[in-house]
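A.B. asks: Okay, so here is final35.txt, and as you'll see once you scroll down, it has compact mmCIF, N, CA and C atoms.
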```
# COMPACT_ATOMS: atom_id res chain seq x y z
N MET A 1 -186.47 92.95 3.36
CA MET A 1 -185.74 92.69 4.58
C MET A 1 -185.91 91.23 5.01
N VAL A 2 -187.15 90.75 5.00
CA VAL A 2 -187.40 89.37 5.42
C VAL A 2 -186.77 88.39 4.45
N SER A 3 -186.86 88.65 3.13
CA SER A 3 -186.31 87.73 2.16
C SER A 3 -184.79 87.67 2.24
N SER A 4 -184.12 88.76 2.55
CA SER A 4 -182.66 88.73 2.67
C SER A 4 -182.24 87.93 3.90
N ILE A 5 -183.00 88.02 4.98
CA ILE A 5 -182.70 87.21 6.18
C ILE A 5 -182.94 85.73 5.89
N ALA A 6 -184.02 85.43 5.17
CA ALA A 6 -184.31 84.04 4.82
C ALA A 6 -183.22 83.46 3.94
N LEU A 7 -182.68 84.27 3.01
CA LEU A 7 -181.61 83.79 2.15
C LEU A 7 -180.34 83.51 2.94
N MET A 8 -180.05 84.34 3.94
CA MET A 8 -178.85 84.13 4.74
C MET A 8 -178.97 82.88 5.60
N LEU A 9 -180.17 82.54 6.04
CA LEU A 9 -180.37 81.39 6.91
C LEU A 9 -180.65 80.10 6.14
N ALA A 10 -180.87 80.18 4.85
CA ALA A 10 -181.21 79.00 4.06
C ALA A 10 -180.01 78.09 3.90
N MET A 11 -180.28 76.80 3.84
CA MET A 11 -179.21 75.83 3.65
C MET A 11 -178.98 75.63 2.15
N ALA A 12 -177.73 75.45 1.77
CA ALA A 12 -177.40 75.25 0.37
C ALA A 12 -177.69 73.82 -0.04
N GLY A 13 -178.01 73.62 -1.32
CA GLY A 13 -178.22 72.28 -1.83
C GLY A 13 -179.68 71.99 -2.10
N TYR A 14 -179.92 70.81 -2.60
CA TYR A 14 -181.28 70.38 -2.92
C TYR A 14 -181.73 69.39 -1.87
N PHE A 15 -182.92 69.63 -1.32
CA PHE A 15 -183.50 68.73 -0.33
C PHE A 15 -184.88 68.34 -0.80
N GLU A 16 -185.15 67.05 -0.82
CA GLU A 16 -186.46 66.58 -1.27
C GLU A 16 -187.54 67.01 -0.28
N PRO A 17 -188.77 67.17 -0.75
CA PRO A 17 -189.84 67.56 0.17
C PRO A 17 -190.03 66.54 1.28
N TRP A 18 -190.43 66.99 2.43
CA TRP A 18 -190.65 66.11 3.56
C TRP A 18 -191.96 66.51 4.24
N GLY A 19 -192.40 65.68 5.16
CA GLY A 19 -193.64 65.97 5.86
C GLY A 19 -194.85 65.80 4.94
N LYS A 20 -195.77 66.76 5.03
CA LYS A 20 -197.00 66.64 4.24
C LYS A 20 -196.77 66.85 2.74
N ASP A 21 -195.59 67.34 2.35
CA ASP A 21 -195.29 67.56 0.94
C ASP A 21 -194.71 66.33 0.24
N THR A 22 -194.45 65.25 0.95
CA THR A 22 -193.86 64.08 0.31
C THR A 22 -194.79 63.43 -0.70
N ASP A 23 -196.11 63.64 -0.54
CA ASP A 23 -197.02 63.06 -1.52
C ASP A 23 -196.97 63.80 -2.85
N LEU A 24 -196.26 64.94 -2.91
CA LEU A 24 -196.10 65.67 -4.17
C LEU A 24 -195.04 65.03 -5.06
N LEU A 25 -194.15 64.25 -4.46
CA LEU A 25 -193.13 63.57 -5.25
C LEU A 25 -193.75 62.47 -6.08
N PRO A 26 -193.38 62.35 -7.36
CA PRO A 26 -193.89 61.22 -8.14
C PRO A 26 -193.26 59.92 -7.65
N LYS A 27 -194.03 58.86 -7.67
CA LYS A 27 -193.51 57.55 -7.28
C LYS A 27 -192.53 57.09 -8.35
N GLN A 28 -191.53 56.30 -7.94
CA GLN A 28 -190.51 55.87 -8.88
C GLN A 28 -191.11 55.05 -10.01
N GLU A 29 -192.17 54.28 -9.72
CA GLU A 29 -192.80 53.49 -10.77
C GLU A 29 -193.44 54.41 -11.81
N GLU A 30 -193.98 55.56 -11.37
CA GLU A 30 -194.59 56.50 -12.31
C GLU A 30 -193.53 57.11 -13.21
N ILE A 31 -192.35 57.38 -12.67
CA ILE A 31 -191.27 57.97 -13.47
C ILE A 31 -190.77 56.96 -14.49
N LEU A 32 -190.69 55.69 -14.09
CA LEU A 32 -190.12 54.67 -14.97
C LEU A 32 -190.93 54.46 -16.24
N PHE A 33 -192.25 54.57 -16.17
CA PHE A 33 -193.06 54.12 -17.28
C PHE A 33 -193.83 55.23 -17.99
N ILE A 34 -193.40 56.47 -17.89
CA ILE A 34 -194.01 57.54 -18.66
C ILE A 34 -193.41 57.45 -20.07
N THR A 35 -194.23 57.11 -21.04
CA THR A 35 -193.73 56.92 -22.40
C THR A 35 -194.37 57.94 -23.34
N PRO A 36 -193.57 58.85 -23.89
CA PRO A 36 -194.13 59.79 -24.85
C PRO A 36 -194.43 59.10 -26.18
N PRO A 37 -195.23 59.72 -27.04
CA PRO A 37 -195.52 59.10 -28.34
C PRO A 37 -194.28 59.07 -29.23
N ALA A 38 -194.27 58.12 -30.17
CA ALA A 38 -193.13 57.99 -31.08
C ALA A 38 -193.06 59.19 -32.01
N ARG A 39 -191.84 59.53 -32.41
CA ARG A 39 -191.64 60.62 -33.36
C ARG A 39 -191.83 60.10 -34.78
N GLU A 40 -192.08 61.02 -35.70
CA GLU A 40 -192.41 60.64 -37.07
C GLU A 40 -191.25 60.70 -38.05
N ASP A 41 -190.09 61.24 -37.65
CA ASP A 41 -189.00 61.37 -38.62
C ASP A 41 -188.38 60.01 -38.93
N PRO A 42 -187.76 59.85 -40.10
CA PRO A 42 -187.29 58.52 -40.54
C PRO A 42 -186.21 57.92 -39.63
N LEU A 43 -185.28 58.73 -39.11
CA LEU A 43 -184.23 58.18 -38.26
C LEU A 43 -184.81 57.64 -36.95
N SER A 44 -185.75 58.36 -36.39
CA SER A 44 -186.38 57.90 -35.15
C SER A 44 -187.18 56.63 -35.39
N THR A 45 -187.88 56.55 -36.52
CA THR A 45 -188.65 55.36 -36.85
C THR A 45 -187.73 54.15 -37.04
N LEU A 46 -186.61 54.34 -37.73
CA LEU A 46 -185.65 53.26 -37.93
C LEU A 46 -185.06 52.81 -36.60
N SER A 47 -184.71 53.78 -35.75
CA SER A 47 -184.14 53.41 -34.45
C SER A 47 -185.17 52.67 -33.58
N GLU A 48 -186.44 53.08 -33.65
CA GLU A 48 -187.50 52.37 -32.92
C GLU A 48 -187.58 50.92 -33.37
N MET A 49 -187.49 50.69 -34.68
CA MET A 49 -187.57 49.33 -35.21
C MET A 49 -186.37 48.50 -34.74
N LEU A 50 -185.17 49.09 -34.76
CA LEU A 50 -183.97 48.36 -34.34
C LEU A 50 -184.01 48.05 -32.83
N ILE A 51 -184.47 49.01 -32.04
CA ILE A 51 -184.57 48.79 -30.60
C ILE A 51 -185.61 47.71 -30.30
N SER A 52 -186.73 47.73 -31.03
CA SER A 52 -187.76 46.70 -30.85
C SER A 52 -187.21 45.32 -31.23
N LEU A 53 -186.43 45.24 -32.30
CA LEU A 53 -185.79 43.99 -32.69
C LEU A 53 -184.90 43.48 -31.57
N HIS A 54 -184.12 44.38 -31.00
CA HIS A 54 -183.23 43.98 -29.90
C HIS A 54 -184.03 43.52 -28.68
N GLN A 55 -185.06 44.29 -28.30
CA GLN A 55 -185.84 43.96 -27.11
C GLN A 55 -186.63 42.67 -27.27
N ASN A 56 -187.18 42.43 -28.45
CA ASN A 56 -188.09 41.29 -28.64
C ASN A 56 -187.39 40.00 -29.07
N HIS A 57 -186.22 40.09 -29.72
CA HIS A 57 -185.61 38.88 -30.27
C HIS A 57 -184.21 38.59 -29.72
N ILE A 58 -183.38 39.61 -29.57
CA ILE A 58 -182.01 39.38 -29.13
C ILE A 58 -181.92 39.28 -27.61
N SER A 59 -182.53 40.23 -26.91
CA SER A 59 -182.44 40.26 -25.45
C SER A 59 -183.03 39.03 -24.77
N PRO A 60 -184.17 38.49 -25.21
CA PRO A 60 -184.69 37.28 -24.54
C PRO A 60 -183.75 36.08 -24.65
N THR A 61 -182.94 36.00 -25.69
CA THR A 61 -182.05 34.85 -25.82
C THR A 61 -180.80 35.00 -24.97
N THR A 62 -180.34 36.24 -24.74
CA THR A 62 -179.13 36.45 -23.95
C THR A 62 -179.43 36.68 -22.49
N GLY A 63 -180.66 37.03 -22.15
CA GLY A 63 -181.04 37.25 -20.76
C GLY A 63 -180.80 38.68 -20.31
N PRO A 64 -181.42 39.06 -19.19
CA PRO A 64 -181.27 40.43 -18.70
C PRO A 64 -179.87 40.66 -18.13
N ARG A 65 -179.25 41.75 -18.55
CA ARG A 65 -177.90 42.06 -18.07
C ARG A 65 -177.75 43.50 -17.62
N SER A 66 -178.78 44.31 -17.71
CA SER A 66 -178.66 45.72 -17.40
C SER A 66 -178.65 45.96 -15.89
N ASN A 67 -177.76 46.82 -15.45
CA ASN A 67 -177.69 47.23 -14.05
C ASN A 67 -178.54 48.46 -13.78
N PHE A 68 -179.17 49.00 -14.80
CA PHE A 68 -179.94 50.22 -14.69
C PHE A 68 -181.43 49.95 -14.79
N ARG A 69 -182.23 50.84 -14.25
CA ARG A 69 -183.65 50.90 -14.50
C ARG A 69 -183.99 52.32 -14.85
N PRO A 70 -184.63 52.60 -15.92
CA PRO A 70 -185.04 51.70 -17.00
C PRO A 70 -183.82 51.10 -17.69
N THR A 71 -184.01 49.95 -18.33
CA THR A 71 -182.90 49.28 -19.00
C THR A 71 -182.33 50.18 -20.09
N SER A 72 -181.16 49.84 -20.58
CA SER A 72 -180.49 50.72 -21.55
C SER A 72 -181.26 50.84 -22.86
N SER A 73 -181.87 49.76 -23.32
CA SER A 73 -182.64 49.85 -24.56
C SER A 73 -183.90 50.70 -24.37
N LYS A 74 -184.56 50.52 -23.24
CA LYS A 74 -185.74 51.34 -22.93
C LYS A 74 -185.33 52.81 -22.77
N TYR A 75 -184.17 53.05 -22.15
CA TYR A 75 -183.65 54.39 -21.97
C TYR A 75 -183.41 55.08 -23.32
N MET A 76 -182.76 54.35 -24.25
CA MET A 76 -182.49 54.96 -25.55
C MET A 76 -183.78 55.26 -26.29
N ARG A 77 -184.75 54.36 -26.21
CA ARG A 77 -186.04 54.60 -26.86
C ARG A 77 -186.72 55.84 -26.27
N LEU A 78 -186.73 55.95 -24.95
CA LEU A 78 -187.34 57.12 -24.31
C LEU A 78 -186.58 58.41 -24.64
N ALA A 79 -185.26 58.34 -24.66
CA ALA A 79 -184.46 59.53 -24.97
C ALA A 79 -184.71 60.00 -26.39
N ILE A 80 -184.81 59.08 -27.34
CA ILE A 80 -185.08 59.46 -28.73
C ILE A 80 -186.47 60.05 -28.85
N ARG A 81 -187.43 59.49 -28.13
CA ARG A 81 -188.79 60.04 -28.19
C ARG A 81 -188.87 61.41 -27.54
N ARG A 82 -188.16 61.63 -26.46
CA ARG A 82 -188.24 62.91 -25.75
C ARG A 82 -187.39 64.00 -26.36
N HIS A 83 -186.19 63.64 -26.86
CA HIS A 83 -185.23 64.66 -27.26
C HIS A 83 -184.87 64.65 -28.73
N GLY A 84 -185.48 63.78 -29.52
CA GLY A 84 -185.12 63.70 -30.93
C GLY A 84 -184.02 62.68 -31.15
N PHE A 85 -183.79 62.36 -32.42
CA PHE A 85 -182.86 61.27 -32.72
C PHE A 85 -181.44 61.57 -32.29
N PHE A 86 -180.88 62.70 -32.68
CA PHE A 86 -179.46 62.95 -32.45
C PHE A 86 -179.11 63.07 -30.97
N ARG A 87 -179.84 63.88 -30.24
CA ARG A 87 -179.56 64.02 -28.82
C ARG A 87 -179.92 62.73 -28.06
N GLY A 88 -181.02 62.08 -28.41
CA GLY A 88 -181.41 60.84 -27.76
C GLY A 88 -180.42 59.72 -28.01
N PHE A 89 -179.90 59.64 -29.24
CA PHE A 89 -178.91 58.62 -29.56
C PHE A 89 -177.63 58.86 -28.78
N ALA A 90 -177.22 60.12 -28.66
CA ALA A 90 -176.01 60.46 -27.88
C ALA A 90 -176.23 60.11 -26.41
N MET A 91 -177.42 60.38 -25.88
CA MET A 91 -177.71 60.04 -24.49
C MET A 91 -177.69 58.52 -24.30
N GLY A 92 -178.22 57.78 -25.27
CA GLY A 92 -178.22 56.32 -25.19
C GLY A 92 -176.82 55.73 -25.25
N LEU A 93 -175.96 56.29 -26.11
CA LEU A 93 -174.58 55.81 -26.17
C LEU A 93 -173.83 56.12 -24.88
N ASP A 94 -174.08 57.30 -24.31
CA ASP A 94 -173.46 57.63 -23.03
C ASP A 94 -173.89 56.65 -21.96
N ARG A 95 -175.14 56.27 -21.98
CA ARG A 95 -175.67 55.31 -21.02
C ARG A 95 -175.01 53.95 -21.20
N LEU A 96 -174.84 53.52 -22.45
CA LEU A 96 -174.20 52.22 -22.70
C LEU A 96 -172.75 52.20 -22.22
N LEU A 97 -172.07 53.35 -22.30
CA LEU A 97 -170.69 53.41 -21.82
C LEU A 97 -170.62 53.30 -20.29
N ARG A 98 -171.70 53.66 -19.59
CA ARG A 98 -171.73 53.56 -18.13
C ARG A 98 -172.33 52.24 -17.66
N GLU A 99 -172.65 51.35 -18.54
CA GLU A 99 -173.26 50.05 -18.19
C GLU A 99 -172.17 49.12 -17.68
N ASN A 100 -171.99 49.10 -16.35
CA ASN A 100 -170.98 48.25 -15.74
C ASN A 100 -171.40 47.94 -14.31
N ASP A 101 -170.56 47.21 -13.60
CA ASP A 101 -170.88 46.83 -12.22
C ASP A 101 -170.27 47.77 -11.19
N ASP A 102 -169.75 48.91 -11.62
CA ASP A 102 -169.14 49.85 -10.68
C ASP A 102 -170.17 50.37 -9.69
N PRO A 103 -169.73 50.76 -8.50
CA PRO A 103 -170.68 51.31 -7.52
C PRO A 103 -171.34 52.59 -8.05
N TRP A 104 -172.57 52.80 -7.66
CA TRP A 104 -173.38 53.92 -8.14
C TRP A 104 -173.66 54.82 -6.93
N CYS A 105 -173.28 56.08 -7.01
CA CYS A 105 -173.43 56.96 -5.85
C CYS A 105 -174.69 57.82 -5.94
N TYR A 106 -175.51 57.63 -6.97
CA TYR A 106 -176.72 58.43 -7.14
C TYR A 106 -177.93 57.60 -6.72
N HIS A 107 -179.11 57.99 -7.18
CA HIS A 107 -180.33 57.29 -6.79
C HIS A 107 -180.32 55.83 -7.26
N THR A 108 -180.85 54.97 -6.41
CA THR A 108 -181.03 53.57 -6.78
C THR A 108 -182.48 53.19 -6.51
N VAL A 109 -182.91 52.10 -7.12
CA VAL A 109 -184.25 51.59 -6.93
C VAL A 109 -184.13 50.09 -6.67
N THR A 110 -184.92 49.59 -5.74
CA THR A 110 -184.90 48.17 -5.42
C THR A 110 -186.16 47.52 -5.98
N ILE A 111 -185.98 46.54 -6.85
CA ILE A 111 -187.08 45.79 -7.44
C ILE A 111 -186.89 44.34 -7.03
N GLY A 112 -187.86 43.82 -6.31
CA GLY A 112 -187.69 42.49 -5.73
C GLY A 112 -186.63 42.60 -4.65
N GLU A 113 -185.56 41.84 -4.79
CA GLU A 113 -184.44 41.95 -3.85
C GLU A 113 -183.19 42.45 -4.54
N THR A 114 -183.32 42.92 -5.77
CA THR A 114 -182.17 43.39 -6.54
C THR A 114 -182.16 44.91 -6.55
N ARG A 115 -180.99 45.47 -6.31
CA ARG A 115 -180.83 46.92 -6.32
C ARG A 115 -180.29 47.34 -7.69
N TYR A 116 -180.97 48.29 -8.32
CA TYR A 116 -180.59 48.77 -9.65
C TYR A 116 -180.21 50.23 -9.59
N LYS A 117 -179.38 50.64 -10.53
CA LYS A 117 -179.04 52.05 -10.68
C LYS A 117 -180.24 52.74 -11.32
N PHE A 118 -180.68 53.84 -10.75
CA PHE A 118 -181.85 54.54 -11.28
C PHE A 118 -181.39 55.79 -12.01
N ASP A 119 -181.64 55.83 -13.31
CA ASP A 119 -181.21 56.94 -14.14
C ASP A 119 -182.27 57.21 -15.20
N PRO A 120 -183.26 58.05 -14.92
CA PRO A 120 -184.30 58.32 -15.91
C PRO A 120 -183.81 59.23 -17.02
N THR A 121 -184.56 59.34 -18.10
CA THR A 121 -184.15 60.17 -19.23
C THR A 121 -184.56 61.61 -19.09
N ILE A 122 -185.05 62.01 -17.95
CA ILE A 122 -185.47 63.39 -17.77
C ILE A 122 -184.24 64.27 -17.74
N SER A 123 -184.05 65.03 -18.77
CA SER A 123 -182.89 65.91 -18.91
C SER A 123 -183.34 67.18 -19.58
N TYR A 124 -182.80 68.27 -19.16
CA TYR A 124 -183.25 69.55 -19.72
C TYR A 124 -182.21 70.22 -20.54
```
What would the structure in this file look like if it were written as structure tokens?
C.D. replies:
Amino acid sequence: MVSSIALMLAMAGYFEPWGKDTDLLPKQEEILFITPPAREDPLSTLSEMLISLHQNHISPTTGPRSNFRPTSSKYMRLAIRRHGFFRGFAMGLDRLLRENDDPWCYHTVTIGETRYKFDPTISY
């Protein structure tokens, strides 16, 4: 009886914790830098090497251009580590297709004085 009344009075949608429960939310910096271990399959190893080449040699010469945090190369590396090569590569390509200056209606993060689109690789 009580649970049916609570369901009728409950508000629809997702609401982040508030009050004393806000400390249960992970900080955005903690979400950004959780790095799982590298996978051992050959495609993942090859992609790790290519992404490292891009991050260490190509990106420093062209400068930072990503509107997202984590950056698109970091995102693809995390997606491949978390979800395997095929799904992670598809997630990375999807992310690259959304890499533009269009307005972002989802979560954002401010680093310094620059506002970035926040899109972590946490996907189920």
A.B. asks: I'd like the interatomic distance between CA of Asp101 in chain A and CA of Asn67 in chain A, to a tenth of an Å.
C.D. replies: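 Interatomic distance, CA of Asp101 in chain A to CA of Asn67 in chain A: 7.1 Å.
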A.B. asks: Return the single residue from A:Met76, A:Val109, A:Met49, A:Ile58 that is closest to Ala90 in chain A, with distances computed using only C-alpha atoms.
C.D. replies: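 Ranked by minimum distance to Ala90 in chain A, first place goes to A:Met76.
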A.B. asks: What is the CA of Thr71 in chain A-atom N of Asp41 in chain A distance in Å, reported with one decimal?
C.D. replies: 23.3 Å
A.B. asks: Do a neighbour search on Ala38 in chain A at 8 Å with only C-alpha atoms, toss out local chain neighbours closer than 3 positions, and write the hits as JSON, numbers by chain.
C.D. replies: {"A": [44, 45, 81]}
A.B. asks: Looking at only N, CA and C atoms, which of A:Gln55, A:Asp102, A:Ser47, A:Gly112 is the one that sits closest to Arg77 in chain A?
C.D. replies: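 Between A:Gln55, A:Asp102, A:Ser47, A:Gly112, the residue approaching Arg77 in chain A most closely is A:Ser47.
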A.B. asks: Taking only N, CA and C atoms into account, name the residue in A:Ser73, A:His54, A:Arg82, A:Asp119 that is nearest to Thr35 in chain A.
C.D. replies: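 Among the listed residues, A:Arg82 lies closest to Thr35 in chain A.
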A.B. asks: Hey, can you check how far atom N of Phe118 in chain A sits from atom C of Tyr106 in chain A?
C.D. replies: 6.2 Å
A.B. asks: Pick the closest to Tyr116 in chain A from A:Asp94, A:Arg87, A:Arg69, A:Ser52: which is it, counting all atoms listed in the file?
C.D. replies: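 Comparing A:Asp94, A:Arg87, A:Arg69, A:Ser52 against Tyr116 in chain A, the winner is A:Arg69.
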